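A.B. asks: Following this line is run-v1.cif, made up of mmCIF, C-alpha atoms and all ligand atoms:
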```
data_coords
loop_
_atom_site.group_PDB
_atom_site.id
_atom_site.type_symbol
_atom_site.label_atom_id
_atom_site.label_comp_id
_atom_site.auth_asym_id
_atom_site.auth_seq_id
_atom_site.Cartn_x
_atom_site.Cartn_y
_atom_site.Cartn_z
ATOM 1 C CA MET A 1 -14.308 -22.988 72.264
ATOM 2 C CA ALA A 2 -15.644 -22.674 68.741
ATOM 3 C CA THR A 3 -14.996 -19.498 66.828
ATOM 4 C CA THR A 4 -17.886 -17.270 65.877
ATOM 5 C CA SER A 5 -19.175 -18.270 62.483
ATOM 6 C CA PHE A 6 -20.736 -14.970 61.613
ATOM 7 C CA THR A 7 -18.359 -13.268 59.260
ATOM 8 C CA LYS A 8 -19.582 -9.891 58.182
ATOM 9 C CA LYS A 9 -17.944 -8.537 55.094
ATOM 10 C CA THR A 10 -17.678 -4.956 54.098
ATOM 11 C CA LEU A 11 -18.235 -4.878 50.426
ATOM 12 C CA GLY A 12 -18.749 -1.191 49.803
ATOM 13 C CA VAL A 13 -15.744 -0.925 47.527
ATOM 14 C CA GLU A 14 -15.534 2.397 45.765
ATOM 15 C CA ALA A 15 -14.930 2.055 42.063
ATOM 16 C CA THR A 16 -13.000 5.130 41.067
ATOM 17 C CA ASP A 17 -11.764 5.572 37.594
ATOM 18 C CA THR A 18 -8.408 7.351 37.781
ATOM 19 C CA THR A 19 -7.188 6.218 34.393
ATOM 20 C CA SER A 20 -6.708 9.089 31.994
ATOM 21 C CA SER A 21 -8.116 8.816 28.498
ATOM 22 C CA LYS A 22 -4.602 8.421 27.108
ATOM 23 C CA GLN A 23 -3.847 5.547 29.472
ATOM 24 C CA LYS A 24 -7.219 4.027 28.603
ATOM 25 C CA ASP A 25 -6.294 3.949 24.961
ATOM 26 C CA THR A 26 -3.026 2.125 25.600
ATOM 27 C CA ALA A 27 -4.766 -0.171 28.079
ATOM 28 C CA GLN A 28 -7.382 -1.128 25.552
ATOM 29 C CA HIS A 29 -4.698 -2.114 23.089
ATOM 30 C CA SER A 30 -2.464 -4.118 25.377
ATOM 31 C CA PHE A 31 -5.032 -5.354 27.979
ATOM 32 C CA PRO A 32 -8.361 -5.847 26.279
ATOM 33 C CA LYS A 33 -9.962 -7.411 29.379
ATOM 34 C CA LYS A 34 -9.476 -4.401 31.671
ATOM 35 C CA PRO A 35 -13.035 -2.992 31.491
ATOM 36 C CA LYS A 36 -14.314 -6.281 32.970
ATOM 37 C CA ILE A 37 -12.509 -5.610 36.272
ATOM 38 C CA ALA A 38 -14.061 -2.187 36.524
ATOM 39 C CA SER A 39 -17.544 -3.613 35.941
ATOM 40 C CA SER A 40 -17.087 -6.193 38.715
ATOM 41 C CA LYS A 41 -16.117 -3.368 41.098
ATOM 42 C CA MET A 42 -19.266 -1.526 40.141
ATOM 43 C CA LYS A 43 -21.289 -4.629 40.957
ATOM 44 C CA ARG A 44 -19.711 -4.952 44.416
ATOM 45 C CA ARG A 45 -20.608 -1.381 45.313
ATOM 46 C CA GLU A 46 -24.304 -2.253 45.122
ATOM 47 C CA ILE A 47 -24.099 -4.608 48.151
ATOM 48 C CA PRO A 48 -24.965 -2.701 51.336
ATOM 49 C CA GLU A 49 -22.767 -3.046 54.373
ATOM 50 C CA GLY A 50 -23.573 -5.396 57.292
ATOM 51 C CA LEU A 51 -26.614 -7.099 55.818
ATOM 52 C CA TRP A 52 -24.929 -10.168 54.454
ATOM 53 C CA THR A 53 -23.270 -13.217 55.982
ATOM 54 C CA LYS A 54 -20.900 -15.498 54.127
ATOM 55 C CA CYS A 55 -21.569 -19.214 54.530
ATOM 56 C CA PRO A 56 -18.355 -20.779 55.894
ATOM 57 C CA LYS A 57 -19.109 -24.060 54.116
ATOM 58 C CA CYS A 58 -20.129 -23.079 50.574
ATOM 59 C CA SER A 59 -19.066 -19.381 50.565
ATOM 60 C CA LEU A 60 -22.488 -18.242 49.376
ATOM 61 C CA MET A 61 -23.394 -14.702 50.458
ATOM 62 C CA LEU A 62 -26.627 -14.931 52.420
ATOM 63 C CA TYR A 63 -28.977 -12.050 53.078
ATOM 64 C CA ASP A 64 -29.259 -11.818 56.888
ATOM 65 C CA LYS A 65 -33.040 -11.447 56.870
ATOM 66 C CA GLU A 66 -33.424 -14.494 54.670
ATOM 67 C CA LEU A 67 -30.984 -16.426 56.893
ATOM 68 C CA ASP A 68 -33.049 -15.536 59.980
ATOM 69 C CA GLU A 69 -36.253 -16.625 58.277
ATOM 70 C CA ASN A 70 -34.588 -19.915 57.376
ATOM 71 C CA LEU A 71 -33.729 -20.543 61.087
ATOM 72 C CA LYS A 72 -30.076 -19.655 60.408
ATOM 73 C CA VAL A 73 -29.551 -22.470 57.909
ATOM 74 C CA CYS A 74 -27.782 -21.907 54.575
ATOM 75 C CA ARG A 75 -30.300 -22.377 51.766
ATOM 76 C CA GLN A 76 -27.655 -23.785 49.416
ATOM 77 C CA CYS A 77 -25.613 -26.268 51.461
ATOM 78 C CA SER A 78 -27.764 -26.577 54.620
ATOM 79 C CA HIS A 79 -24.940 -25.396 56.890
ATOM 80 C CA HIS A 80 -26.413 -24.829 60.367
ATOM 81 C CA PHE A 81 -25.225 -21.476 61.779
ATOM 82 C CA PRO A 82 -25.325 -20.906 65.567
ATOM 83 C CA ILE A 83 -28.759 -19.817 66.760
ATOM 84 C CA SER A 84 -29.622 -18.035 70.003
ATOM 85 C CA ALA A 85 -31.586 -19.798 72.732
ATOM 86 C CA ARG A 86 -34.562 -17.437 72.326
ATOM 87 C CA GLU A 87 -34.716 -17.959 68.553
ATOM 88 C CA ARG A 88 -34.576 -21.700 69.042
ATOM 89 C CA ILE A 89 -37.345 -21.709 71.657
ATOM 90 C CA HIS A 90 -39.418 -19.597 69.283
ATOM 91 C CA SER A 91 -38.835 -22.176 66.528
ATOM 92 C CA LEU A 92 -39.925 -25.084 68.730
ATOM 93 C CA VAL A 93 -42.862 -24.099 70.926
ATOM 94 C CA GLU A 94 -46.305 -22.728 70.187
ATOM 95 C CA THR A 95 -46.492 -18.941 70.260
ATOM 96 C CA CYS A 96 -47.091 -17.526 73.764
ATOM 97 C CA SER A 97 -47.095 -21.011 75.332
ATOM 98 C CA PHE A 98 -43.612 -20.742 76.883
ATOM 99 C CA GLN A 99 -43.454 -19.840 80.570
ATOM 100 C CA GLU A 100 -39.896 -19.163 81.576
ATOM 101 C CA MET A 101 -38.586 -20.400 84.933
ATOM 102 C CA ASP A 102 -35.908 -18.788 87.125
ATOM 103 C CA ALA A 103 -35.393 -16.001 84.584
ATOM 104 C CA ASP A 104 -33.469 -13.804 87.038
ATOM 105 C CA MET A 105 -31.049 -16.357 88.444
ATOM 106 C CA THR A 106 -27.514 -15.033 88.034
ATOM 107 C CA SER A 107 -24.051 -16.437 88.709
ATOM 108 C CA VAL A 108 -21.944 -15.365 91.693
ATOM 109 C CA ASP A 109 -18.165 -15.233 91.661
ATOM 110 C CA VAL A 110 -17.670 -17.373 94.763
ATOM 111 C CA LEU A 111 -14.041 -18.205 94.046
ATOM 112 C CA LYS A 112 -13.131 -14.556 93.266
ATOM 113 C CA PHE A 113 -11.627 -15.944 90.087
ATOM 114 C CA THR A 114 -9.293 -13.795 88.036
ATOM 115 C CA GLY A 115 -7.551 -15.024 84.918
ATOM 116 C CA VAL A 116 -7.025 -12.841 81.851
ATOM 117 C CA ALA A 117 -10.200 -11.091 83.063
ATOM 118 C CA SER A 118 -12.184 -11.467 86.274
ATOM 119 C CA TYR A 119 -15.233 -13.732 86.274
ATOM 120 C CA THR A 120 -17.424 -10.809 87.350
ATOM 121 C CA SER A 121 -16.349 -8.714 84.363
ATOM 122 C CA ARG A 122 -16.857 -11.658 81.984
ATOM 123 C CA LEU A 123 -20.373 -12.165 83.348
ATOM 124 C CA GLU A 124 -21.193 -8.478 82.933
ATOM 125 C CA PHE A 125 -19.850 -8.495 79.382
ATOM 126 C CA TYR A 126 -21.876 -11.515 78.255
ATOM 127 C CA GLN A 127 -25.018 -10.375 80.050
ATOM 128 C CA LYS A 128 -24.857 -7.182 78.013
ATOM 129 C CA SER A 129 -23.842 -8.748 74.684
ATOM 130 C CA THR A 130 -26.386 -11.595 74.742
ATOM 131 C CA ASN A 131 -29.172 -10.014 76.809
ATOM 132 C CA LEU A 132 -29.242 -13.236 78.824
ATOM 133 C CA LYS A 133 -28.624 -13.728 82.545
ATOM 134 C CA ASP A 134 -26.730 -16.983 81.977
ATOM 135 C CA ALA A 135 -26.108 -19.700 79.388
ATOM 136 C CA VAL A 136 -29.465 -21.498 79.592
ATOM 137 C CA ILE A 137 -33.155 -20.651 79.306
ATOM 138 C CA THR A 138 -35.616 -23.039 80.933
ATOM 139 C CA GLY A 139 -39.372 -23.193 81.084
ATOM 140 C CA ILE A 140 -42.545 -25.041 80.262
ATOM 141 C CA GLY A 141 -44.168 -24.766 76.859
ATOM 142 C CA LYS A 142 -46.218 -26.637 74.317
ATOM 143 C CA ILE A 143 -44.950 -28.435 71.221
ATOM 144 C CA ASN A 144 -48.129 -28.820 69.203
ATOM 145 C CA SER A 145 -50.520 -30.082 71.895
ATOM 146 C CA ILE A 146 -47.917 -31.684 74.173
ATOM 147 C CA ARG A 147 -46.673 -29.833 77.264
ATOM 148 C CA VAL A 148 -42.938 -30.177 77.788
ATOM 149 C CA ALA A 149 -40.264 -28.958 80.172
ATOM 150 C CA LEU A 150 -37.760 -27.342 77.809
ATOM 151 C CA GLY A 151 -34.208 -26.176 78.467
ATOM 152 C CA VAL A 152 -32.138 -24.505 75.740
ATOM 153 C CA MET A 153 -28.472 -23.611 76.097
ATOM 154 C CA ASP A 154 -26.896 -20.624 74.362
ATOM 155 C CA PHE A 155 -23.298 -20.918 73.171
ATOM 156 C CA HIS A 156 -23.021 -17.144 72.810
ATOM 157 C CA PHE A 157 -22.950 -16.802 76.625
ATOM 158 C CA LEU A 158 -19.460 -17.807 77.810
ATOM 159 C CA GLY A 159 -19.358 -20.720 75.351
ATOM 160 C CA GLY A 160 -22.532 -22.213 76.833
ATOM 161 C CA SER A 161 -20.469 -23.320 79.816
ATOM 162 C CA MET A 162 -22.210 -25.040 82.721
ATOM 163 C CA GLY A 163 -21.705 -23.302 86.033
ATOM 164 C CA SER A 164 -23.892 -23.387 89.164
ATOM 165 C CA VAL A 165 -26.687 -21.387 87.540
ATOM 166 C CA VAL A 166 -26.911 -23.535 84.401
ATOM 167 C CA GLY A 167 -26.842 -26.688 86.549
ATOM 168 C CA GLU A 168 -29.381 -25.350 89.037
ATOM 169 C CA LYS A 169 -31.781 -24.069 86.378
ATOM 170 C CA LEU A 170 -31.683 -27.383 84.529
ATOM 171 C CA THR A 171 -32.122 -29.344 87.767
ATOM 172 C CA ARG A 172 -35.153 -27.243 88.745
ATOM 173 C CA LEU A 173 -36.566 -27.754 85.248
ATOM 174 C CA ILE A 174 -36.091 -31.521 85.476
ATOM 175 C CA GLU A 175 -37.666 -31.584 88.972
ATOM 176 C CA ALA A 176 -40.619 -29.539 87.735
ATOM 177 C CA GLY A 177 -40.974 -31.999 84.852
ATOM 178 C CA THR A 178 -40.978 -34.902 87.301
ATOM 179 C CA ASP A 179 -43.558 -33.221 89.598
ATOM 180 C CA LYS A 180 -45.870 -32.301 86.757
ATOM 181 C CA GLY A 181 -45.361 -35.564 84.841
ATOM 182 C CA LEU A 182 -43.933 -33.821 81.788
ATOM 183 C CA PRO A 183 -41.423 -35.008 79.187
ATOM 184 C CA ILE A 184 -38.115 -33.132 79.176
ATOM 185 C CA ILE A 185 -36.245 -31.758 76.193
ATOM 186 C CA ILE A 186 -32.810 -30.202 76.636
ATOM 187 C CA VAL A 187 -31.080 -28.599 73.654
ATOM 188 C CA SER A 188 -27.356 -28.507 74.416
ATOM 189 C CA SER A 189 -24.679 -26.252 72.996
ATOM 190 C CA SER A 190 -21.713 -26.070 75.285
ATOM 191 C CA GLY A 191 -17.964 -26.063 75.648
ATOM 192 C CA GLY A 192 -18.353 -27.940 78.958
ATOM 193 C CA ALA A 193 -18.036 -27.063 82.635
ATOM 194 C CA ARG A 194 -17.390 -23.421 83.585
ATOM 195 C CA MET A 195 -13.796 -23.253 84.738
ATOM 196 C CA TYR A 196 -14.394 -19.936 86.537
ATOM 197 C CA GLU A 197 -16.394 -21.887 89.112
ATOM 198 C CA GLY A 198 -13.932 -24.750 89.573
ATOM 199 C CA MET A 199 -15.324 -27.774 91.354
ATOM 200 C CA LEU A 200 -18.741 -26.145 91.820
ATOM 201 C CA SER A 201 -19.304 -26.396 88.082
ATOM 202 C CA LEU A 202 -18.241 -30.048 88.009
ATOM 203 C CA MET A 203 -20.807 -30.803 90.733
ATOM 204 C CA GLN A 204 -23.547 -29.798 88.285
ATOM 205 C CA MET A 205 -22.815 -32.886 86.191
ATOM 206 C CA ALA A 206 -23.825 -35.194 89.047
ATOM 207 C CA LYS A 207 -26.715 -32.975 90.145
ATOM 208 C CA THR A 208 -28.433 -32.819 86.741
ATOM 209 C CA CYS A 209 -27.995 -36.570 86.176
ATOM 210 C CA ALA A 210 -29.392 -37.396 89.620
ATOM 211 C CA ALA A 211 -32.485 -35.285 88.908
ATOM 212 C CA LEU A 212 -32.873 -37.068 85.552
ATOM 213 C CA ALA A 213 -32.677 -40.449 87.290
ATOM 214 C CA TYR A 214 -35.727 -39.490 89.417
ATOM 215 C CA HIS A 215 -37.473 -38.273 86.271
ATOM 216 C CA ALA A 216 -36.782 -41.638 84.602
ATOM 217 C CA LYS A 217 -38.183 -43.468 87.640
ATOM 218 C CA GLY A 218 -41.468 -41.748 86.904
ATOM 219 C CA LYS A 219 -41.359 -43.381 83.436
ATOM 220 C CA LEU A 220 -41.151 -39.984 81.803
ATOM 221 C CA PRO A 221 -39.204 -39.448 78.573
ATOM 222 C CA PHE A 222 -36.145 -37.239 78.218
ATOM 223 C CA ILE A 223 -35.049 -36.186 74.736
ATOM 224 C CA SER A 224 -31.557 -34.743 74.459
ATOM 225 C CA VAL A 225 -30.802 -32.589 71.416
ATOM 226 C CA LEU A 226 -27.114 -32.028 70.677
ATOM 227 C CA THR A 227 -26.141 -29.007 68.620
ATOM 228 C CA ASN A 228 -22.797 -27.635 67.489
ATOM 229 C CA PRO A 229 -20.767 -27.927 69.679
ATOM 230 C CA THR A 230 -21.674 -30.198 72.596
ATOM 231 C CA THR A 231 -18.535 -31.172 74.436
ATOM 232 C CA ALA A 232 -16.801 -31.979 77.724
ATOM 233 C CA GLY A 233 -18.756 -31.740 81.013
ATOM 234 C CA VAL A 234 -22.141 -31.351 79.327
ATOM 235 C CA MET A 235 -21.490 -34.215 76.929
ATOM 236 C CA ALA A 236 -20.280 -36.317 79.881
ATOM 237 C CA SER A 237 -23.432 -35.707 81.918
ATOM 238 C CA PHE A 238 -27.081 -34.957 81.094
ATOM 239 C CA ALA A 239 -26.636 -34.581 77.313
ATOM 240 C CA THR A 240 -25.854 -38.260 76.773
ATOM 241 C CA VAL A 241 -28.376 -39.870 79.120
ATOM 242 C CA GLY A 242 -31.427 -39.098 76.972
ATOM 243 C CA ASP A 243 -33.962 -41.817 76.193
ATOM 244 C CA LEU A 244 -33.582 -40.441 72.714
ATOM 245 C CA ILE A 245 -30.489 -38.537 71.606
ATOM 246 C CA LEU A 246 -30.877 -36.355 68.525
ATOM 247 C CA ALA A 247 -28.313 -34.107 66.873
ATOM 248 C CA GLU A 248 -28.181 -31.374 64.273
ATOM 249 C CA PRO A 249 -26.224 -32.146 61.068
ATOM 250 C CA GLU A 250 -22.436 -31.851 61.301
ATOM 251 C CA ALA A 251 -22.555 -30.827 64.956
ATOM 252 C CA MET A 252 -19.262 -31.332 66.755
ATOM 253 C CA ILE A 253 -19.907 -33.708 69.634
ATOM 254 C CA GLY A 254 -17.279 -35.151 71.922
ATOM 255 C CA PHE A 255 -15.598 -35.109 75.302
ATOM 256 C CA ALA A 256 -12.094 -33.729 74.728
ATOM 257 C CA GLY A 257 -11.259 -31.725 71.591
ATOM 258 C CA PRO A 258 -9.759 -33.548 68.579
ATOM 259 C CA ARG A 259 -6.376 -31.830 68.989
ATOM 260 C CA VAL A 260 -6.063 -33.005 72.611
ATOM 261 C CA ILE A 261 -6.968 -36.581 71.636
ATOM 262 C CA LYS A 262 -4.531 -36.524 68.712
ATOM 263 C CA ASP A 263 -1.703 -35.269 70.925
ATOM 264 C CA THR A 264 -2.478 -37.744 73.703
ATOM 265 C CA THR A 265 -2.882 -40.830 71.554
ATOM 266 C CA GLN A 266 -0.212 -39.776 69.035
ATOM 267 C CA SER A 267 -2.338 -41.210 66.231
ATOM 268 C CA GLU A 268 -4.231 -39.870 63.226
ATOM 269 C CA LEU A 269 -7.937 -39.430 63.807
ATOM 270 C CA PRO A 270 -10.400 -40.897 61.289
ATOM 271 C CA PRO A 271 -12.138 -38.472 58.918
ATOM 272 C CA GLY A 272 -15.304 -36.902 60.317
ATOM 273 C CA PHE A 273 -14.215 -37.730 63.878
ATOM 274 C CA GLN A 274 -16.540 -36.264 66.555
ATOM 275 C CA THR A 275 -19.253 -35.190 64.116
ATOM 276 C CA ALA A 276 -22.903 -36.111 64.546
ATOM 277 C CA GLU A 277 -22.673 -38.309 61.420
ATOM 278 C CA PHE A 278 -19.674 -40.207 62.829
ATOM 279 C CA LEU A 279 -21.504 -40.851 66.111
ATOM 280 C CA LEU A 280 -24.712 -41.921 64.368
ATOM 281 C CA GLU A 281 -22.818 -44.525 62.330
ATOM 282 C CA ARG A 282 -21.423 -45.958 65.569
ATOM 283 C CA GLY A 283 -24.734 -45.985 67.419
ATOM 284 C CA LEU A 284 -23.937 -43.283 69.960
ATOM 285 C CA ILE A 285 -26.826 -41.076 68.885
ATOM 286 C CA ASP A 286 -30.244 -42.045 67.563
ATOM 287 C CA ALA A 287 -30.925 -39.623 64.725
ATOM 288 C CA ILE A 288 -29.750 -36.507 62.918
ATOM 289 C CA VAL A 289 -32.536 -34.002 62.479
ATOM 290 C CA LEU A 290 -32.488 -30.837 60.361
ATOM 291 C CA ARG A 291 -33.277 -27.682 62.326
ATOM 292 C CA LYS A 292 -36.277 -26.970 60.137
ATOM 293 C CA GLU A 293 -37.717 -30.420 60.852
ATOM 294 C CA MET A 294 -36.875 -30.464 64.567
ATOM 295 C CA LYS A 295 -40.270 -29.323 65.857
ATOM 296 C CA ALA A 296 -42.215 -31.832 63.732
ATOM 297 C CA LYS A 297 -39.872 -34.686 64.671
ATOM 298 C CA LEU A 298 -39.940 -33.833 68.383
ATOM 299 C CA SER A 299 -43.707 -33.724 68.233
ATOM 300 C CA ASP A 300 -43.803 -37.208 66.614
ATOM 301 C CA TYR A 301 -41.334 -38.672 69.103
ATOM 302 C CA LEU A 302 -43.155 -37.151 72.081
ATOM 303 C CA ASP A 303 -46.445 -38.458 70.799
ATOM 304 C CA PHE A 304 -44.947 -41.943 70.546
ATOM 305 C CA LEU A 305 -43.101 -41.834 73.892
ATOM 306 C CA THR A 306 -46.062 -40.502 75.885
ATOM 307 C CA HIS A 307 -48.654 -42.702 74.184
ATOM 308 C CA GLY A 308 -48.668 -45.425 76.853
ATOM 309 C CA ARG A 309 -48.939 -42.828 79.584
ATOM 310 C CA LYS A 310 -51.912 -41.169 77.939
ATOM 311 C CA ALA A 311 -53.625 -44.538 77.568
ATOM 312 C CA GLU A 312 -53.014 -45.255 81.293
ATOM 313 C CA SER A 313 -54.523 -41.962 82.432
ATOM 314 C CA ASN A 314 -57.637 -42.385 80.252
HETATM 315 ZN ZN ZN A 401 -23.739 -22.739 52.508
#
```
Please go through the file and, once you have read it, give me the structure as structure tokens.

C.D. replies:
Amino acid sequence: MATTSFTKKTLGVEATDTTSSKQKDTAQHSFPKKPKIASSKMKRREIPEGLWTKCPKCSLMLYDKELDENLKVCRQCSHHFPISARERIHSLVETCSFQEMDADMTSVDVLKFTGVASYTSRLEFYQKSTNLKDAVITGIGKINSIRVALGVMDFHFLGGSMGSVVGEKLTRLIEAGTDKGLPIIIVSSSGGARMYEGMLSLMQMAKTCAALAYHAKGKLPFISVLTNPTTAGVMASFATVGDLILAEPEAMIGFAGPRVIKDTTQSELPPGFQTAEFLLERGLIDAIVLRKEMKAKLSDYLDFLTHGRKAESN
């Protein structure tokens, strides 16, 4: 599970001057630089609370509104912050073209699972905090003029884990794509299978891949987009069987986590291990695409991949 990258800083530091005039005089003689500290405190007080996010990569303070407008990408170092499924869909499809499928499908605690907290209480918590029913949104929309079946995972909901609902929604999306002759795009962001559902969640790996095999038989393209992080059961199933596999810069992509691999193999891992860049160099993914360029690139790829089909139908 990745940690939340949104660090909000309270910067409303009160600058109170408690130094008496006598102390000031002595301070000026022995510490001539003291007034500088006071002026920096004054500067800090001007920053309002809760409107800024610190970039974890370059430490630049980013104005939240500006960060949202920039699709949650740091303007200085291009660090890609996590983005919600709805925001991502909004950034990819034409306005009002997206028709959501199975919007009300919700998970059931079939195993009556209780760990640190019960599965039911976890579901309730994330449904409230994310305003989502589960970790994926699926539907049919248009990217420029091309209709696509689009599924977008949301890491904010239980680490984007794939349980029965995520698997079922994706499978229905893929089947709808096959029936309607549409290309499929799935944007993944997941910690893997949902352990609260045990074997039922593992079954989703086979189910989604089987549906994709039928989709491929219809000579329809599937573009898989990997975002930070895409790991474990999702990485080991539908996310890596794309005709084209794209990734966002510096996304962590892998099956087991680096610490597990290091402990198991008892060897040092190479620098940049399990990043999108590392995988691209070794031919495991096809391209790294900036979030801001994703829509344009997808549109180009779709145009190319569906060209033959269009020519056939004309
Ligand atoms: Zn940055």

A.B. asks: Provide an axis-aligned box for all listed atoms of range 95-114 of chain A, padding each side by 4 Å; report its centre and its edge lengths in Å to one decimal, as AutoDock Vina command-line options.

C.D. replies:
```
--center_x -28.2 --center_y -17.4 --center_z 82.5 --size_x 45.8 --size_y 15.2 --size_z 32.5
```

A.B. asks: Please return as a PyMOL selection string the residues found within 12 Å of ligand ZN 401 (chain A), counting all atoms listed in the file.

C.D. replies: chain A and resi 5+53-63+67+72-81

A.B. asks: If the PyMOL selection byres (((chain A and resi 183) around 10) and not hetatm) is run on the structure shown, which residues does it catch, given as a list of chain:residue names?

C.D. replies: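 So the PyMOL selection byres (((chain A and resi 183) around 10) and not hetatm) ends up selecting A:Ile146, A:Arg147, A:Val148, A:Ala149, A:Leu150, A:Ile174, A:Gly177, A:Thr178, A:Lys180, A:Gly181, A:Leu182, A:Ile184, A:Ile185, A:His215, A:Ala216, A:Lys219, A:Leu220, A:Pro221, A:Phe222, A:Ile223, A:Leu302, A:Leu305, A:Thr306.
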
A.B. asks: Selected by the PyMOL selection byres (((chain A and resi 253) around 7) and not hetatm) in the shown coordinates: which residues, as a compact mmCIF listing (two decimals) with C-alpha atoms, in the frame of the given file?

C.D. replies:
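Listed below is the output, expr_32.txt:
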```
# COMPACT_ATOMS: atom_id res chain seq x y z
CA PRO A 229 -20.77 -27.93 69.68
CA THR A 230 -21.67 -30.20 72.60
CA THR A 231 -18.54 -31.17 74.44
CA ALA A 251 -22.56 -30.83 64.96
CA MET A 252 -19.26 -31.33 66.76
CA GLY A 254 -17.28 -35.15 71.92
CA GLN A 274 -16.54 -36.26 66.56
CA THR A 275 -19.25 -35.19 64.12
CA ALA A 276 -22.90 -36.11 64.55
```

A.B. asks: Using the chain letters and numbers from the file, which residues does the PyMOL selection byres (((chain A and resi 197-213) around 7) and not hetatm) grab, as a PyMOL selection string?

C.D. replies: chain A and resi 111+162-164+167+170-171+174-175+193-196+214-217+233+237-238

A.B. asks: Would you mind reading off the distance between CA of Glu124 in chain A and CA of Glu100 in chain A, one decimal, in Å?

C.D. replies: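 So the answer is 21.6 Å.
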
A.B. asks: Residues at most 9 Å from Ser129 in chain A, counting only C-alpha atoms, excluding those fewer than 4 positions away in the same chain, as a tab-separated table (two decimals) with C-alpha atoms, keeping the file's coordinate frame?

C.D. replies:
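Everything below was put into selection-v3.tsv:
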```tsv
chain	number	residue	atom	x	y	z
A	124	GLU	CA	-21.19	-8.48	82.93
A	125	PHE	CA	-19.85	-8.49	79.38
A	156	HIS	CA	-23.02	-17.14	72.81
A	157	PHE	CA	-22.95	-16.80	76.62
```

A.B. asks: Under the rule that all atoms listed in the file are counted, which of A:Gly283, A:Pro82, A:Gly115, A:Pro270 is the nearest residue to Ser188 in chain A?

C.D. replies: A:Pro82

A.B. asks: I'd like the contact shell of Leu290 in chain A - 9 Å cut-off, only C-alpha atoms, skipping same-chain residues fewer than 2 positions apart - returned as an MDAnalysis selection string.

C.D. replies: chainID A and resid 78 80 247:249 288 292:294

A.B. asks: Could the residues in this selection be written to a file with C-alpha atoms, as a PDB file, in the coordinates of the input?

C.D. replies:
```
ATOM      1  CA  SER A  78     -27.764 -26.577  54.620  1.00  0.00           C
ATOM      2  CA  HIS A  80     -26.413 -24.829  60.367  1.00  0.00           C
ATOM      3  CA  ALA A 247     -28.313 -34.107  66.873  1.00  0.00           C
ATOM      4  CA  GLU A 248     -28.181 -31.374  64.273  1.00  0.00           C
ATOM      5  CA  PRO A 249     -26.224 -32.146  61.068  1.00  0.00           C
ATOM      6  CA  ILE A 288     -29.750 -36.507  62.918  1.00  0.00           C
ATOM      7  CA  LYS A 292     -36.277 -26.970  60.137  1.00  0.00           C
ATOM      8  CA  GLU A 293     -37.717 -30.420  60.852  1.00  0.00           C
ATOM      9  CA  MET A 294     -36.875 -30.464  64.567  1.00  0.00           C
TER      10      MET A 294
END
```

A.B. asks: In the coordinate frame of the file, compute which residues have an atom within 10 Å of (-34.7, -23.1, 67.8) when using all atoms listed in the file, and state them as a PyMOL selection string.

C.D. replies: chain A and resi 71-72+82-93+152+187+291-292+294-295

A.B. asks: Would you list the contacts of Met105 in chain A as a list in words, taking every protein, DNA or RNA residue within 12 Å and counting only C-alpha atoms, but skipping same-chain residues closer than 3 positions in sequence?

C.D. replies: Glu100, Met101, Asp102, Val108, Gln127, Leu132, Lys133, Asp134, Ala135, Val136, Ile137, Thr138, Gly163, Ser164, Val165, Val166, Gly167, Glu168, Lys169, Leu170 and Arg172 of chain A

A.B. asks: Write out, as a short mmCIF file (atom, residue, chain, number, x, y, z; two decimals), keeping the file's coordinate frame, the residues just selected, with C-alpha atoms.

C.D. replies:
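After the write, result.cif holds the following:
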```cif
data_model
loop_
_atom_site.label_atom_id
_atom_site.label_comp_id
_atom_site.auth_asym_id
_atom_site.auth_seq_id
_atom_site.Cartn_x
_atom_site.Cartn_y
_atom_site.Cartn_z
CA GLU A 100 -39.90 -19.16 81.58
CA MET A 101 -38.59 -20.40 84.93
CA ASP A 102 -35.91 -18.79 87.12
CA VAL A 108 -21.94 -15.36 91.69
CA GLN A 127 -25.02 -10.38 80.05
CA LEU A 132 -29.24 -13.24 78.82
CA LYS A 133 -28.62 -13.73 82.54
CA ASP A 134 -26.73 -16.98 81.98
CA ALA A 135 -26.11 -19.70 79.39
CA VAL A 136 -29.46 -21.50 79.59
CA ILE A 137 -33.16 -20.65 79.31
CA THR A 138 -35.62 -23.04 80.93
CA GLY A 163 -21.70 -23.30 86.03
CA SER A 164 -23.89 -23.39 89.16
CA VAL A 165 -26.69 -21.39 87.54
CA VAL A 166 -26.91 -23.54 84.40
CA GLY A 167 -26.84 -26.69 86.55
CA GLU A 168 -29.38 -25.35 89.04
CA LYS A 169 -31.78 -24.07 86.38
CA LEU A 170 -31.68 -27.38 84.53
CA ARG A 172 -35.15 -27.24 88.74
#
```

A.B. asks: Work out how far CA of Gly192 in chain A is from CA of Leu158 in chain A, in Å to one decimal.

C.D. replies: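 Rounded to one decimal, the two atoms are 10.3 Å apart.
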
A.B. asks: For Gly159 in chain A, which residue out of A:Lys65, A:Arg122, A:Arg259, A:Lys128 is the nearest one, using all atoms listed in the file?

C.D. replies: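 Once distances to Gly159 in chain A are computed over all atoms listed in the file, the minimum belongs to A:Arg122.
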
A.B. asks: Just to confirm, what's the straight-line distance from CA of Thr265 in chain A to CA of Ala239 in chain A in Å (one decimal)?

C.D. replies: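 Between these atoms lies a distance of 25.2 Å.
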
A.B. asks: Can you tell me which residues surround Ile245 in chain A at a distance of at most 7 Å, considering all atoms listed in the file, apart from same-chain residues fewer than 6 positions away, and format the answer as a PyMOL selection string?

C.D. replies: chain A and resi 223-225+285-287

A.B. asks: Select, from A:Glu94, A:Ile261, A:Val234, A:Leu123, the residue with the minimum atom-to-atom distance to Thr106 in chain A, counting all atoms listed in the file.

C.D. replies: A:Leu123
